[in-house]
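Chemist: Supplied structure: entry.pdb, PDB, N, CA and C atoms and all ligand atoms.
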```pdb
MODEL        1
ATOM      1  N   MET K   1       0.839  -1.191   0.000
ATOM      2  CA  MET K   1       0.000   0.000   0.000
ATOM      3  C   MET K   1       0.882   1.253   0.000
ATOM      4  N   PRO K   2       0.449   2.287  -0.666
ATOM      5  CA  PRO K   2       1.229   3.527  -0.689
ATOM      6  C   PRO K   2       1.380   4.121   0.717
ATOM      7  N   LYS K   3       2.559   4.678   0.964
ATOM      8  CA  LYS K   3       2.830   5.337   2.248
ATOM      9  C   LYS K   3       2.638   6.845   2.081
ATOM     10  N   ILE K   4       1.901   7.419   3.002
ATOM     11  CA  ILE K   4       1.686   8.873   3.032
ATOM     12  C   ILE K   4       2.156   9.362   4.396
ATOM     13  N   THR K   5       2.945  10.430   4.409
ATOM     14  CA  THR K   5       3.454  10.986   5.666
ATOM     15  C   THR K   5       2.815  12.342   5.931
ATOM     16  N   TYR K   6       2.307  12.486   7.152
ATOM     17  CA  TYR K   6       1.706  13.733   7.619
ATOM     18  C   TYR K   6       2.663  14.365   8.613
ATOM     19  N   VAL K   7       3.027  15.615   8.386
ATOM     20  CA  VAL K   7       3.969  16.320   9.253
ATOM     21  C   VAL K   7       3.225  17.450   9.959
ATOM     22  N   ALA K   8       3.340  17.479  11.287
ATOM     23  CA  ALA K   8       2.678  18.524  12.066
ATOM     24  C   ALA K   8       3.202  19.898  11.660
ATOM     25  N   ALA K   9       2.372  20.913  11.869
ATOM     26  CA  ALA K   9       2.728  22.276  11.468
ATOM     27  C   ALA K   9       4.060  22.716  12.068
ATOM     28  N   ASP K  10       4.307  22.328  13.319
ATOM     29  CA  ASP K  10       5.564  22.731  13.972
ATOM     30  C   ASP K  10       6.668  21.690  13.754
ATOM     31  N   ARG K  11       6.381  20.731  12.921
ATOM     32  CA  ARG K  11       7.324  19.667  12.529
ATOM     33  C   ARG K  11       7.723  18.768  13.696
ATOM     34  N   SER K  12       6.971  18.814  14.796
ATOM     35  CA  SER K  12       7.312  18.005  15.966
ATOM     36  C   SER K  12       6.904  16.545  15.804
ATOM     37  N   THR K  13       5.963  16.295  14.930
ATOM     38  CA  THR K  13       5.435  14.941  14.775
ATOM     39  C   THR K  13       5.313  14.592  13.306
ATOM     40  N   GLU K  14       5.699  13.374  12.980
ATOM     41  CA  GLU K  14       5.474  12.841  11.639
ATOM     42  C   GLU K  14       4.742  11.521  11.788
ATOM     43  N   THR K  15       3.708  11.340  11.003
ATOM     44  CA  THR K  15       2.963  10.078  11.024
ATOM     45  C   THR K  15       2.956   9.522   9.612
ATOM     46  N   THR K  16       3.487   8.327   9.453
ATOM     47  CA  THR K  16       3.477   7.684   8.138
ATOM     48  C   THR K  16       2.485   6.524   8.172
ATOM     49  N   LEU K  17       1.578   6.553   7.221
ATOM     50  CA  LEU K  17       0.525   5.537   7.153
ATOM     51  C   LEU K  17       0.594   4.787   5.834
ATOM     52  N   ASP K  18       0.296   3.499   5.889
ATOM     53  CA  ASP K  18       0.077   2.704   4.679
ATOM     54  C   ASP K  18      -1.410   2.805   4.377
ATOM     55  N   LEU K  19      -1.754   3.435   3.277
ATOM     56  CA  LEU K  19      -3.171   3.667   2.970
ATOM     57  C   LEU K  19      -3.569   2.906   1.706
ATOM     58  N   PRO K  20      -4.780   2.377   1.712
ATOM     59  CA  PRO K  20      -5.240   1.661   0.516
ATOM     60  C   PRO K  20      -5.495   2.625  -0.631
ATOM     61  N   GLN K  21      -5.210   2.170  -1.830
ATOM     62  CA  GLN K  21      -5.516   2.987  -2.998
ATOM     63  C   GLN K  21      -7.013   3.276  -3.023
ATOM     64  N   GLY K  22      -7.346   4.456  -3.446
ATOM     65  CA  GLY K  22      -8.749   4.818  -3.586
ATOM     66  C   GLY K  22      -9.294   5.615  -2.422
ATOM     67  N   THR K  23      -8.626   5.535  -1.263
ATOM     68  CA  THR K  23      -9.083   6.362  -0.155
ATOM     69  C   THR K  23      -8.512   7.770  -0.351
ATOM     70  N   SER K  24      -9.045   8.722   0.385
ATOM     71  CA  SER K  24      -8.489  10.071   0.273
ATOM     72  C   SER K  24      -7.455  10.289   1.375
ATOM     73  N   ILE K  25      -6.602  11.232   1.164
ATOM     74  CA  ILE K  25      -5.586  11.549   2.174
ATOM     75  C   ILE K  25      -6.257  12.096   3.428
ATOM     76  N   MET K  26      -7.374  12.800   3.275
ATOM     77  CA  MET K  26      -8.153  13.234   4.443
ATOM     78  C   MET K  26      -8.690  12.031   5.191
ATOM     79  N   ARG K  27      -9.339  11.113   4.482
ATOM     80  CA  ARG K  27      -9.974   9.962   5.132
ATOM     81  C   ARG K  27      -8.918   9.115   5.847
ATOM     82  N   GLY K  28      -7.765   8.970   5.220
ATOM     83  CA  GLY K  28      -6.684   8.205   5.860
ATOM     84  C   GLY K  28      -6.275   8.831   7.175
ATOM     85  N   ALA K  29      -6.183  10.151   7.209
ATOM     86  CA  ALA K  29      -5.787  10.845   8.444
ATOM     87  C   ALA K  29      -6.860  10.706   9.515
ATOM     88  N   VAL K  30      -8.097  10.974   9.146
ATOM     89  CA  VAL K  30      -9.185  10.939  10.130
ATOM     90  C   VAL K  30      -9.359   9.518  10.681
ATOM     91  N   SER K  31      -9.278   8.533   9.831
ATOM     92  CA  SER K  31      -9.469   7.144  10.270
ATOM     93  C   SER K  31      -8.359   6.672  11.199
ATOM     94  N   ASN K  32      -7.218   7.335  11.116
ATOM     95  CA  ASN K  32      -6.073   6.922  11.934
ATOM     96  C   ASN K  32      -5.716   7.956  12.999
ATOM     97  N   ASP K  33      -6.658   8.843  13.293
ATOM     98  CA  ASP K  33      -6.496   9.820  14.368
ATOM     99  C   ASP K  33      -5.268  10.707  14.218
ATOM    100  N   VAL K  34      -4.959  11.103  12.997
ATOM    101  CA  VAL K  34      -3.882  12.066  12.790
ATOM    102  C   VAL K  34      -4.417  13.443  13.180
ATOM    103  N   ALA K  35      -3.813  14.045  14.190
ATOM    104  CA  ALA K  35      -4.262  15.363  14.644
ATOM    105  C   ALA K  35      -3.963  16.407  13.573
ATOM    106  N   GLY K  36      -4.901  17.345  13.412
ATOM    107  CA  GLY K  36      -4.636  18.468  12.514
ATOM    108  C   GLY K  36      -5.422  18.436  11.226
ATOM    109  N   ILE K  37      -6.123  17.325  10.965
ATOM    110  CA  ILE K  37      -7.028  17.264   9.826
ATOM    111  C   ILE K  37      -8.406  16.936  10.374
ATOM    112  N   VAL K  38      -9.390  17.767  10.022
ATOM    113  CA  VAL K  38     -10.722  17.596  10.594
ATOM    114  C   VAL K  38     -11.664  16.874   9.620
ATOM    115  N   GLY K  39     -11.793  17.402   8.441
ATOM    116  CA  GLY K  39     -12.678  16.764   7.463
ATOM    117  C   GLY K  39     -14.149  16.899   7.815
ATOM    118  N   GLN K  40     -14.518  18.070   8.260
ATOM    119  CA  GLN K  40     -15.865  18.275   8.789
ATOM    120  C   GLN K  40     -16.987  17.983   7.785
ATOM    121  N   CYS K  41     -16.802  18.324   6.537
ATOM    122  CA  CYS K  41     -17.886  18.124   5.558
ATOM    123  C   CYS K  41     -17.915  16.716   4.993
ATOM    124  N   GLY K  42     -16.982  15.894   5.411
ATOM    125  CA  GLY K  42     -16.991  14.507   4.976
ATOM    126  C   GLY K  42     -16.323  14.256   3.637
ATOM    127  N   GLY K  43     -15.719  15.293   3.089
ATOM    128  CA  GLY K  43     -14.958  15.073   1.858
ATOM    129  C   GLY K  43     -15.565  15.678   0.615
ATOM    130  N   TYR K  44     -16.380  16.707   0.791
ATOM    131  CA  TYR K  44     -17.074  17.299  -0.352
ATOM    132  C   TYR K  44     -16.525  18.670  -0.758
ATOM    133  N   ALA K  45     -15.342  19.004  -0.314
ATOM    134  CA  ALA K  45     -14.707  20.278  -0.675
ATOM    135  C   ALA K  45     -15.550  21.478  -0.268
ATOM    136  N   GLN K  46     -16.247  21.356   0.868
ATOM    137  CA  GLN K  46     -17.138  22.435   1.279
ATOM    138  C   GLN K  46     -16.789  23.052   2.626
ATOM    139  N   CYS K  47     -15.734  22.579   3.275
ATOM    140  CA  CYS K  47     -15.450  23.131   4.606
ATOM    141  C   CYS K  47     -14.019  23.674   4.732
ATOM    142  N   GLY K  48     -13.106  23.148   3.987
ATOM    143  CA  GLY K  48     -11.717  23.603   4.048
ATOM    144  C   GLY K  48     -10.960  23.122   5.268
ATOM    145  N   SER K  49     -11.541  22.223   6.045
ATOM    146  CA  SER K  49     -10.868  21.784   7.276
ATOM    147  C   SER K  49      -9.965  20.566   7.074
ATOM    148  N   CYS K  50      -9.618  20.330   5.842
ATOM    149  CA  CYS K  50      -8.676  19.240   5.532
ATOM    150  C   CYS K  50      -7.489  19.791   4.756
ATOM    151  N   HIS K  51      -7.271  21.094   4.904
ATOM    152  CA  HIS K  51      -6.189  21.787   4.191
ATOM    153  C   HIS K  51      -4.831  21.175   4.526
ATOM    154  N   VAL K  52      -4.014  20.958   3.510
ATOM    155  CA  VAL K  52      -2.627  20.511   3.713
ATOM    156  C   VAL K  52      -1.726  21.250   2.726
ATOM    157  N   TYR K  53      -0.448  21.257   3.070
ATOM    158  CA  TYR K  53       0.575  21.770   2.155
ATOM    159  C   TYR K  53       1.343  20.557   1.620
ATOM    160  N   VAL K  54       1.263  20.348   0.333
ATOM    161  CA  VAL K  54       1.914  19.196  -0.292
ATOM    162  C   VAL K  54       3.389  19.517  -0.530
ATOM    163  N   GLU K  55       4.222  18.534  -0.270
ATOM    164  CA  GLU K  55       5.648  18.683  -0.569
ATOM    165  C   GLU K  55       5.779  19.230  -2.002
ATOM    166  N   PRO K  56       6.394  20.392  -2.174
ATOM    167  CA  PRO K  56       6.392  21.029  -3.501
ATOM    168  C   PRO K  56       6.922  20.149  -4.626
ATOM    169  N   THR K  57       7.890  19.299  -4.330
ATOM    170  CA  THR K  57       8.459  18.465  -5.394
ATOM    171  C   THR K  57       7.474  17.408  -5.883
ATOM    172  N   ALA K  58       6.379  17.205  -5.154
ATOM    173  CA  ALA K  58       5.410  16.175  -5.538
ATOM    174  C   ALA K  58       4.206  16.758  -6.267
ATOM    175  N   LEU K  59       4.175  18.065  -6.426
ATOM    176  CA  LEU K  59       2.975  18.679  -7.008
ATOM    177  C   LEU K  59       2.672  18.150  -8.405
ATOM    178  N   ASP K  60       3.714  17.807  -9.152
ATOM    179  CA  ASP K  60       3.456  17.337 -10.518
ATOM    180  C   ASP K  60       2.857  15.932 -10.561
ATOM    181  N   LYS K  61       2.780  15.280  -9.426
ATOM    182  CA  LYS K  61       2.133  13.954  -9.376
ATOM    183  C   LYS K  61       0.623  14.075  -9.195
ATOM    184  N   LEU K  62       0.166  15.292  -8.913
ATOM    185  CA  LEU K  62      -1.244  15.490  -8.588
ATOM    186  C   LEU K  62      -1.996  16.121  -9.751
ATOM    187  N   GLU K  63      -3.255  15.730  -9.871
ATOM    188  CA  GLU K  63      -4.136  16.420 -10.812
ATOM    189  C   GLU K  63      -4.345  17.840 -10.294
ATOM    190  N   ALA K  64      -4.552  18.776 -11.188
ATOM    191  CA  ALA K  64      -4.859  20.150 -10.763
ATOM    192  C   ALA K  64      -6.191  20.161 -10.016
ATOM    193  N   PRO K  65      -6.367  21.091  -9.080
ATOM    194  CA  PRO K  65      -7.638  21.148  -8.350
ATOM    195  C   PRO K  65      -8.819  21.445  -9.276
ATOM    196  N   GLU K  66      -9.946  20.795  -8.978
ATOM    197  CA  GLU K  66     -11.200  21.135  -9.669
ATOM    198  C   GLU K  66     -11.634  22.511  -9.166
ATOM    199  N   SER K  67     -12.561  23.137  -9.856
ATOM    200  CA  SER K  67     -12.958  24.508  -9.503
ATOM    201  C   SER K  67     -13.497  24.605  -8.072
ATOM    202  N   GLU K  68     -14.245  23.601  -7.631
ATOM    203  CA  GLU K  68     -14.813  23.637  -6.273
ATOM    204  C   GLU K  68     -13.691  23.680  -5.231
ATOM    205  N   GLU K  69     -12.683  22.850  -5.405
ATOM    206  CA  GLU K  69     -11.542  22.839  -4.476
ATOM    207  C   GLU K  69     -10.789  24.162  -4.572
ATOM    208  N   ASP K  70     -10.574  24.615  -5.778
ATOM    209  CA  ASP K  70      -9.822  25.853  -5.982
ATOM    210  C   ASP K  70     -10.499  27.019  -5.259
ATOM    211  N   GLU K  71     -11.807  27.085  -5.344
ATOM    212  CA  GLU K  71     -12.526  28.168  -4.680
ATOM    213  C   GLU K  71     -12.453  28.037  -3.159
ATOM    214  N   MET K  72     -12.613  26.828  -2.649
ATOM    215  CA  MET K  72     -12.595  26.628  -1.193
ATOM    216  C   MET K  72     -11.214  26.927  -0.605
ATOM    217  N   LEU K  73     -10.174  26.698  -1.378
ATOM    218  CA  LEU K  73      -8.818  26.972  -0.876
ATOM    219  C   LEU K  73      -8.616  28.457  -0.549
ATOM    220  N   ASP K  74      -9.447  29.305  -1.094
ATOM    221  CA  ASP K  74      -9.352  30.730  -0.761
ATOM    222  C   ASP K  74      -9.948  31.046   0.605
ATOM    223  N   PHE K  75     -10.596  30.073   1.225
ATOM    224  CA  PHE K  75     -11.269  30.308   2.504
ATOM    225  C   PHE K  75     -10.732  29.436   3.638
ATOM    226  N   THR K  76      -9.560  28.859   3.460
ATOM    227  CA  THR K  76      -8.988  28.038   4.534
ATOM    228  C   THR K  76      -8.514  28.945   5.671
ATOM    229  N   ALA K  77      -8.410  28.374   6.867
ATOM    230  CA  ALA K  77      -8.044  29.162   8.052
ATOM    231  C   ALA K  77      -6.614  29.689   7.955
ATOM    232  N   CYS K  78      -5.720  28.895   7.404
ATOM    233  CA  CYS K  78      -4.329  29.339   7.224
ATOM    234  C   CYS K  78      -4.111  29.735   5.774
ATOM    235  N   THR K  79      -3.132  30.545   5.580
ATOM    236  CA  THR K  79      -2.853  31.125   4.267
ATOM    237  C   THR K  79      -2.740  30.072   3.172
ATOM    238  N   ARG K  80      -3.378  30.379   2.064
ATOM    239  CA  ARG K  80      -3.228  29.528   0.894
ATOM    240  C   ARG K  80      -1.845  29.761   0.290
ATOM    241  N   GLU K  81      -1.168  28.658   0.006
ATOM    242  CA  GLU K  81       0.143  28.712  -0.646
ATOM    243  C   GLU K  81       0.034  27.991  -1.992
ATOM    244  N   PRO K  82       1.044  28.139  -2.846
ATOM    245  CA  PRO K  82       0.972  27.451  -4.153
ATOM    246  C   PRO K  82       0.833  25.933  -4.022
ATOM    247  N   ASN K  83       1.287  25.390  -2.890
ATOM    248  CA  ASN K  83       1.207  23.932  -2.692
ATOM    249  C   ASN K  83       0.037  23.534  -1.792
ATOM    250  N   SER K  84      -0.902  24.441  -1.583
ATOM    251  CA  SER K  84      -2.080  24.122  -0.771
ATOM    252  C   SER K  84      -3.032  23.210  -1.531
ATOM    253  N   ARG K  85      -3.563  22.223  -0.825
ATOM    254  CA  ARG K  85      -4.614  21.358  -1.379
ATOM    255  C   ARG K  85      -5.587  20.971  -0.278
ATOM    256  N   LEU K  86      -6.769  20.579  -0.708
ATOM    257  CA  LEU K  86      -7.722  19.963   0.216
ATOM    258  C   LEU K  86      -7.457  18.467   0.162
ATOM    259  N   SER K  87      -7.103  17.897   1.311
ATOM    260  CA  SER K  87      -6.690  16.488   1.287
ATOM    261  C   SER K  87      -7.853  15.549   0.991
ATOM    262  N   CYS K  88      -9.084  16.036   1.117
ATOM    263  CA  CYS K  88     -10.219  15.173   0.758
ATOM    264  C   CYS K  88     -10.319  14.993  -0.751
ATOM    265  N   GLN K  89      -9.643  15.836  -1.490
ATOM    266  CA  GLN K  89      -9.701  15.756  -2.946
ATOM    267  C   GLN K  89      -8.481  15.040  -3.527
ATOM    268  N   LEU K  90      -7.624  14.534  -2.660
ATOM    269  CA  LEU K  90      -6.425  13.823  -3.110
ATOM    270  C   LEU K  90      -6.621  12.335  -2.874
ATOM    271  N   THR K  91      -6.707  11.598  -3.940
ATOM    272  CA  THR K  91      -6.950  10.158  -3.859
ATOM    273  C   THR K  91      -5.618   9.418  -3.856
ATOM    274  N   VAL K  92      -5.489   8.495  -2.916
ATOM    275  CA  VAL K  92      -4.252   7.720  -2.792
ATOM    276  C   VAL K  92      -4.133   6.759  -3.981
ATOM    277  N   THR K  93      -2.974   6.827  -4.633
ATOM    278  CA  THR K  93      -2.638   5.890  -5.712
ATOM    279  C   THR K  93      -1.190   5.467  -5.522
ATOM    280  N   ASP K  94      -0.780   4.438  -6.243
ATOM    281  CA  ASP K  94       0.622   4.011  -6.163
ATOM    282  C   ASP K  94       1.566   5.150  -6.534
ATOM    283  N   ALA K  95       1.131   6.010  -7.433
ATOM    284  CA  ALA K  95       1.980   7.125  -7.872
ATOM    285  C   ALA K  95       2.283   8.086  -6.727
ATOM    286  N   LEU K  96       1.448   8.069  -5.686
ATOM    287  CA  LEU K  96       1.666   8.979  -4.556
ATOM    288  C   LEU K  96       2.448   8.322  -3.419
ATOM    289  N   ASP K  97       2.924   7.104  -3.624
ATOM    290  CA  ASP K  97       3.704   6.432  -2.577
ATOM    291  C   ASP K  97       4.870   7.329  -2.156
ATOM    292  N   GLY K  98       4.976   7.580  -0.864
ATOM    293  CA  GLY K  98       6.057   8.426  -0.348
ATOM    294  C   GLY K  98       5.681   9.887  -0.228
ATOM    295  N   LEU K  99       4.457  10.224  -0.568
ATOM    296  CA  LEU K  99       4.028  11.630  -0.506
ATOM    297  C   LEU K  99       4.106  12.161   0.933
ATOM    298  N   ILE K 100       4.550  13.391   1.058
ATOM    299  CA  ILE K 100       4.608  14.072   2.358
ATOM    300  C   ILE K 100       3.698  15.290   2.295
ATOM    301  N   VAL K 101       2.828  15.404   3.280
ATOM    302  CA  VAL K 101       1.988  16.602   3.395
ATOM    303  C   VAL K 101       2.230  17.228   4.761
ATOM    304  N   ARG K 102       2.313  18.551   4.780
ATOM    305  CA  ARG K 102       2.483  19.277   6.040
ATOM    306  C   ARG K 102       1.132  19.877   6.428
ATOM    307  N   LEU K 103       0.832  19.802   7.695
ATOM    308  CA  LEU K 103      -0.454  20.296   8.169
ATOM    309  C   LEU K 103      -0.352  21.779   8.510
ATOM    310  N   PRO K 104      -1.417  22.522   8.296
ATOM    311  CA  PRO K 104      -1.399  23.941   8.687
ATOM    312  C   PRO K 104      -1.504  24.074  10.207
ATOM    313  N   GLU K 105      -1.275  25.259  10.715
ATOM    314  CA  GLU K 105      -1.340  25.492  12.172
ATOM    315  C   GLU K 105      -2.741  25.284  12.723
ATOM    316  N   ARG K 106      -3.739  25.557  11.906
ATOM    317  CA  ARG K 106      -5.113  25.360  12.365
ATOM    318  C   ARG K 106      -6.005  25.162  11.140
ATOM    319  N   GLN K 107      -7.189  24.588  11.405
ATOM    320  CA  GLN K 107      -8.145  24.349  10.314
ATOM    321  C   GLN K 107      -9.367  25.246  10.440
ATOM    322  N   TYR K 108      -9.449  25.965  11.574
ATOM    323  CA  TYR K 108     -10.576  26.879  11.779
ATOM    324  C   TYR K 108     -10.043  28.267  12.083
ATOM    325  N   ARG K 109     -10.790  29.270  11.682
ATOM    326  CA  ARG K 109     -10.397  30.655  11.948
ATOM    327  C   ARG K 109     -10.605  30.995  13.409
TER     328      ARG K 109
HETATM  329 FE1  LIG G   1     -14.370  19.374   3.900
HETATM  330 FE2  LIG G   1     -12.191  18.484   2.659
HETATM  331  S1  LIG G   1     -13.309  17.527   4.223
HETATM  332  S2  LIG G   1     -13.218  20.337   2.367
ENDMDL
END
```
What would the structure in this file look like if it were written as structure tokens?
Modeler:
Amino acid sequence: MPKITYVAADRSTETTLDLPQGTSIMRGAVSNDVAGIVGQCGGYAQCGSCHVYVEPTALDKLEAPESEEDEMLDFTACTREPNSRLSCQLTVTDALDGLIVRLPERQYR
């Protein structure tokens, strides 16, 4: 199974999970009690509480955000960066094995 690593905002904690293909990076975090990802809307790109910063070198492995995700990224609690994504919109595949995502300082304003 692909490995995904979640890094706390202050870099004090790293959690690496083996996640099944087809699940979302948000769902993997929530199911495994990774602190810092909420996923309040359940994965519909409507809450912004699953915001992550993707390791910049991995951005080319990801599909570009759909318009719904792109719009919601403007309303996340922490600043949107070029590598910002909603983790509910990132589906785990073999191509993402080794992906590292950093969590923002907070998911709510
Ligand atoms: Fe709500 Fe991702 S879980 S936007």
Chemist: For ligand LIG 1 (chain G), which of K:Thr23, K:Thr57, K:Gln107, K:Gln46 is the closest residue, counting all atoms listed in the file?
Modeler: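 So, comparing all the options, the nearest one is K:Gln46.
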Chemist: Within 6.5 Å of Ser84 of chain K, counting only N, CA and C atoms, which residues qualify if same-chain residues fewer than 2 places away don't, as a count of residues only?
Modeler: 7
Chemist: Please give the complete set of residues from chain K that DSSP, run on the backbone, assigns to helix (DSSP H, G or I), formatted as a count of residues only.
Modeler: 28
Chemist: Mind dumping a table of every chain K residue within 5 Å of ligand LIG 1 (chain G), with the nearest atom pair and its distance in Å to one decimal, using all atoms listed in the file, sorted by chain and rising number, as CSV?
Modeler:
```
residue,atom,partner,partner_atom,distance
K:Gly39,CA,G:LIG1,S1,3.4
K:Gln40,N,G:LIG1,S1,4.2
K:Cys41,N,G:LIG1,FE1,3.7
K:Gly42,N,G:LIG1,S1,4.2
K:Gly43,N,G:LIG1,S1,3.5
K:Tyr44,N,G:LIG1,FE1,4.6
K:Ala45,CA,G:LIG1,S2,3.4
K:Gln46,N,G:LIG1,S2,3.5
K:Cys47,N,G:LIG1,S2,3.5
K:Gly48,N,G:LIG1,S2,3.2
K:Ser49,N,G:LIG1,S2,4.5
K:Cys50,N,G:LIG1,FE2,4.5
K:Cys88,N,G:LIG1,FE2,4.2
```
Chemist: Residues of the last selection are to be written out with N, CA and C atoms, as a PDB file, keeping the file's coordinate frame.
Modeler:
```pdb
ATOM      1  N   GLY K  39     -11.793  17.402   8.441  1.00  0.00           N
ATOM      2  CA  GLY K  39     -12.678  16.764   7.463  1.00  0.00           C
ATOM      3  C   GLY K  39     -14.149  16.899   7.815  1.00  0.00           C
ATOM      4  N   GLN K  40     -14.518  18.070   8.260  1.00  0.00           N
ATOM      5  CA  GLN K  40     -15.865  18.275   8.789  1.00  0.00           C
ATOM      6  C   GLN K  40     -16.987  17.983   7.785  1.00  0.00           C
ATOM      7  N   CYS K  41     -16.802  18.324   6.537  1.00  0.00           N
ATOM      8  CA  CYS K  41     -17.886  18.124   5.558  1.00  0.00           C
ATOM      9  C   CYS K  41     -17.915  16.716   4.993  1.00  0.00           C
ATOM     10  N   GLY K  42     -16.982  15.894   5.411  1.00  0.00           N
ATOM     11  CA  GLY K  42     -16.991  14.507   4.976  1.00  0.00           C
ATOM     12  C   GLY K  42     -16.323  14.256   3.637  1.00  0.00           C
ATOM     13  N   GLY K  43     -15.719  15.293   3.089  1.00  0.00           N
ATOM     14  CA  GLY K  43     -14.958  15.073   1.858  1.00  0.00           C
ATOM     15  C   GLY K  43     -15.565  15.678   0.615  1.00  0.00           C
ATOM     16  N   TYR K  44     -16.380  16.707   0.791  1.00  0.00           N
ATOM     17  CA  TYR K  44     -17.074  17.299  -0.352  1.00  0.00           C
ATOM     18  C   TYR K  44     -16.525  18.670  -0.758  1.00  0.00           C
ATOM     19  N   ALA K  45     -15.342  19.004  -0.314  1.00  0.00           N
ATOM     20  CA  ALA K  45     -14.707  20.278  -0.675  1.00  0.00           C
ATOM     21  C   ALA K  45     -15.550  21.478  -0.268  1.00  0.00           C
ATOM     22  N   GLN K  46     -16.247  21.356   0.868  1.00  0.00           N
ATOM     23  CA  GLN K  46     -17.138  22.435   1.279  1.00  0.00           C
ATOM     24  C   GLN K  46     -16.789  23.052   2.626  1.00  0.00           C
ATOM     25  N   CYS K  47     -15.734  22.579   3.275  1.00  0.00           N
ATOM     26  CA  CYS K  47     -15.450  23.131   4.606  1.00  0.00           C
ATOM     27  C   CYS K  47     -14.019  23.674   4.732  1.00  0.00           C
ATOM     28  N   GLY K  48     -13.106  23.148   3.987  1.00  0.00           N
ATOM     29  CA  GLY K  48     -11.717  23.603   4.048  1.00  0.00           C
ATOM     30  C   GLY K  48     -10.960  23.122   5.268  1.00  0.00           C
ATOM     31  N   SER K  49     -11.541  22.223   6.045  1.00  0.00           N
ATOM     32  CA  SER K  49     -10.868  21.784   7.276  1.00  0.00           C
ATOM     33  C   SER K  49      -9.965  20.566   7.074  1.00  0.00           C
ATOM     34  N   CYS K  50      -9.618  20.330   5.842  1.00  0.00           N
ATOM     35  CA  CYS K  50      -8.676  19.240   5.532  1.00  0.00           C
ATOM     36  C   CYS K  50      -7.489  19.791   4.756  1.00  0.00           C
ATOM     37  N   CYS K  88      -9.084  16.036   1.117  1.00  0.00           N
ATOM     38  CA  CYS K  88     -10.219  15.173   0.758  1.00  0.00           C
ATOM     39  C   CYS K  88     -10.319  14.993  -0.751  1.00  0.00           C
TER      40      CYS K  88
END
```
Chemist: Tell me which of K:Ala64, K:Ala9, K:Val101, K:Ile4 sits closest to Gln89 of chain K, counting only C-alpha atoms.
Modeler: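 So, comparing all the options, the nearest one is K:Ala64.
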Chemist: Step by step, gather every atom of segment 46-63 of chain K that the file lists, find the box along x, y and z that holds them, add 8 Å on each side, and finally give centre and edge lengths in Å to one decimal, as lines of an AutoDock Vina configuration file.
Modeler:
```
center_x = -4.3
center_y = 18.8
center_z = -1.8
size_x = 41.6
size_y = 25.7
size_z = 34.1
```
Chemist: Since I can't run it myself right now, could you work out what the PyMOL selection byres (((chain K and resi 20) around 6.5) and not hetatm) selects here and report it as a count of residues only?
Modeler: 9
Chemist: Quick check for you: according to DSSP on this backbone, which residues of chain K are classed as strand (DSSP E or B)? Reply as a PyMOL selection string.
Modeler: chain K and resi 3-7+14-18+24+51-54+84-86+91+99-102
Chemist: Write the residues of the preceding selection, restricted to N, CA and C atoms, as a tab-separated table (two decimals), in the coordinates of the input.
Modeler:
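The resulting out38.tsv:
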```
chain	number	residue	atom	x	y	z
K	3	LYS	N	2.56	4.68	0.96
K	3	LYS	CA	2.83	5.34	2.25
K	3	LYS	C	2.64	6.84	2.08
K	4	ILE	N	1.90	7.42	3.00
K	4	ILE	CA	1.69	8.87	3.03
K	4	ILE	C	2.16	9.36	4.40
K	5	THR	N	2.94	10.43	4.41
K	5	THR	CA	3.45	10.99	5.67
K	5	THR	C	2.82	12.34	5.93
K	6	TYR	N	2.31	12.49	7.15
K	6	TYR	CA	1.71	13.73	7.62
K	6	TYR	C	2.66	14.36	8.61
K	7	VAL	N	3.03	15.62	8.39
K	7	VAL	CA	3.97	16.32	9.25
K	7	VAL	C	3.22	17.45	9.96
K	14	GLU	N	5.70	13.37	12.98
K	14	GLU	CA	5.47	12.84	11.64
K	14	GLU	C	4.74	11.52	11.79
K	15	THR	N	3.71	11.34	11.00
K	15	THR	CA	2.96	10.08	11.02
K	15	THR	C	2.96	9.52	9.61
K	16	THR	N	3.49	8.33	9.45
K	16	THR	CA	3.48	7.68	8.14
K	16	THR	C	2.48	6.52	8.17
K	17	LEU	N	1.58	6.55	7.22
K	17	LEU	CA	0.52	5.54	7.15
K	17	LEU	C	0.59	4.79	5.83
K	18	ASP	N	0.30	3.50	5.89
K	18	ASP	CA	0.08	2.70	4.68
K	18	ASP	C	-1.41	2.80	4.38
K	24	SER	N	-9.04	8.72	0.38
K	24	SER	CA	-8.49	10.07	0.27
K	24	SER	C	-7.46	10.29	1.38
K	51	HIS	N	-7.27	21.09	4.90
K	51	HIS	CA	-6.19	21.79	4.19
K	51	HIS	C	-4.83	21.18	4.53
K	52	VAL	N	-4.01	20.96	3.51
K	52	VAL	CA	-2.63	20.51	3.71
K	52	VAL	C	-1.73	21.25	2.73
K	53	TYR	N	-0.45	21.26	3.07
K	53	TYR	CA	0.57	21.77	2.15
K	53	TYR	C	1.34	20.56	1.62
K	54	VAL	N	1.26	20.35	0.33
K	54	VAL	CA	1.91	19.20	-0.29
K	54	VAL	C	3.39	19.52	-0.53
K	84	SER	N	-0.90	24.44	-1.58
K	84	SER	CA	-2.08	24.12	-0.77
K	84	SER	C	-3.03	23.21	-1.53
K	85	ARG	N	-3.56	22.22	-0.82
K	85	ARG	CA	-4.61	21.36	-1.38
K	85	ARG	C	-5.59	20.97	-0.28
K	86	LEU	N	-6.77	20.58	-0.71
K	86	LEU	CA	-7.72	19.96	0.22
K	86	LEU	C	-7.46	18.47	0.16
K	91	THR	N	-6.71	11.60	-3.94
K	91	THR	CA	-6.95	10.16	-3.86
K	91	THR	C	-5.62	9.42	-3.86
K	99	LEU	N	4.46	10.22	-0.57
K	99	LEU	CA	4.03	11.63	-0.51
K	99	LEU	C	4.11	12.16	0.93
K	100	ILE	N	4.55	13.39	1.06
K	100	ILE	CA	4.61	14.07	2.36
K	100	ILE	C	3.70	15.29	2.30
K	101	VAL	N	2.83	15.40	3.28
K	101	VAL	CA	1.99	16.60	3.40
K	101	VAL	C	2.23	17.23	4.76
K	102	ARG	N	2.31	18.55	4.78
K	102	ARG	CA	2.48	19.28	6.04
K	102	ARG	C	1.13	19.88	6.43
```
Chemist: In Å, with one decimal, what is the gap from atom CA of Asn32 of chain K to atom CA of Asp74 of chain K?
Modeler: 27.2 Å
